[in-house]
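Novice: Next up is a structure, given as structure tokens.
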Amino acid sequence: MAEVKHDAASHAAAPLPWAEIFEWTQALLSGGFILTGAFFVIAGAIGILRMPDFYTRIHAAGMTDTMGAEFILLGLIIQSGFTQMSLKLLLIAFLLFVTSPTATHAIAHAAHLSGLKPKLGPYEAPQLDDIGKGGGK
Amino acid sequence: MASVVMVYICVVGAVGMLIGMALLLGRSIAGPTFYDRALAVNSFGTKAVLFLCLFSLIMGRQDGVDIAILYALMNFIATVAILKFFRYRALDTPLAQRPQRKKARGGRNG
């Protein structure tokens, strides 16, 4: 695409290739958003796997899920431009923004009502052996 | 060139979603309590929605985004329904016990 643009443009004035600049800006912006979102999502997944207690796990899940999902969907919206697809992605972003904290709150409330106690006391890092048996009780 | 770079970045994001889903699958298998499993499955569903969006943009098809909308809705409803079922052992009960609360409030006021 770049060669075609260069041949078509006049050799003397050499105006700035605004279409290409816009394309690269779009690519870098959406790529940065997608990579940031993927980092947050993986960090949340590691937090869910490694945190010592249910209530700390729910903190790791609730924060990073919402934020990472919004970042990734924002990157995809920037990438797809003004199309029908970006409208659908905006709808998904809105739905996740509303329902993800609500579901997290529902899970935390149900656990609290059922009498699940948080793990208190000095912190000890979980070993890989007791991922299965570690946790609230 | 720029579109090729964007497709590669989307592939990286999709692989990241798959890694996150694998980690959450581990928690949902090994979770000590039921609520850990519910949390992990809910988060798994969110990551599946994001993976579907990334995948449909990689493939350049619009179908995946429609399925992702449906999955985002189904995920929330399924989480609330599972929580309600395991608390009341039936889906036919009201979520909050309103008469008791009203009685408690009236007693406090009077």
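Each chain of the structure tokens is named A, B, ... in the order shown, its residues numbered from 1; ligands are numbered from 1 in display order.
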Can you pull out every residue within 8 Å of B:Ile58, counting only C-alpha atoms, but drop anything in the same chain fewer than 5 positions away, and send it as a PDB file with N, CA and C atoms, in the first residue's frame?

Specialist:
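So out.pdb came out as:
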ATOM      1  N   VAL B   7      -3.351  -7.344  13.370  1.00  0.00           N
ATOM      2  CA  VAL B   7      -3.757  -8.752  13.466  1.00  0.00           C
ATOM      3  C   VAL B   7      -2.827  -9.511  14.400  1.00  0.00           C
ATOM      4  N   CYS B  10      -3.735  -8.642  17.902  1.00  0.00           N
ATOM      5  CA  CYS B  10      -4.973  -9.344  18.278  1.00  0.00           C
ATOM      6  C   CYS B  10      -4.697 -10.808  18.582  1.00  0.00           C
ATOM      7  N   VAL B  11      -3.768 -11.418  17.841  1.00  0.00           N
ATOM      8  CA  VAL B  11      -3.421 -12.818  18.112  1.00  0.00           C
ATOM      9  C   VAL B  11      -2.773 -12.928  19.482  1.00  0.00           C
TER      10      VAL B  11
END

Novice: For chain A, list the residues within 6 Å of chain B, counting only C-alpha atoms, and write the list as JSON, numbers by chain.

Specialist: {"A": [24, 27, 31, 38, 42, 45, 49, 92, 132]}

Novice: Just give me the gap between atom CA of A:His105 and atom CA of B:Leu91 in Å, one decimal is fine.

Specialist: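 So the two atoms, atom CA of A:His105 and atom CA of B:Leu91, lie 19.3 Å apart.
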
Novice: Just how far from atom CA of A:Asp53 is atom CA of A:Ala111, in Å to one decimal?

Specialist: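 So the answer is 12.1 Å.
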
Novice: Atom CA of A:Ala106 to atom CA of A:Tyr55: how many Å, to one decimal?

Specialist: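 So the answer is 12.7 Å.
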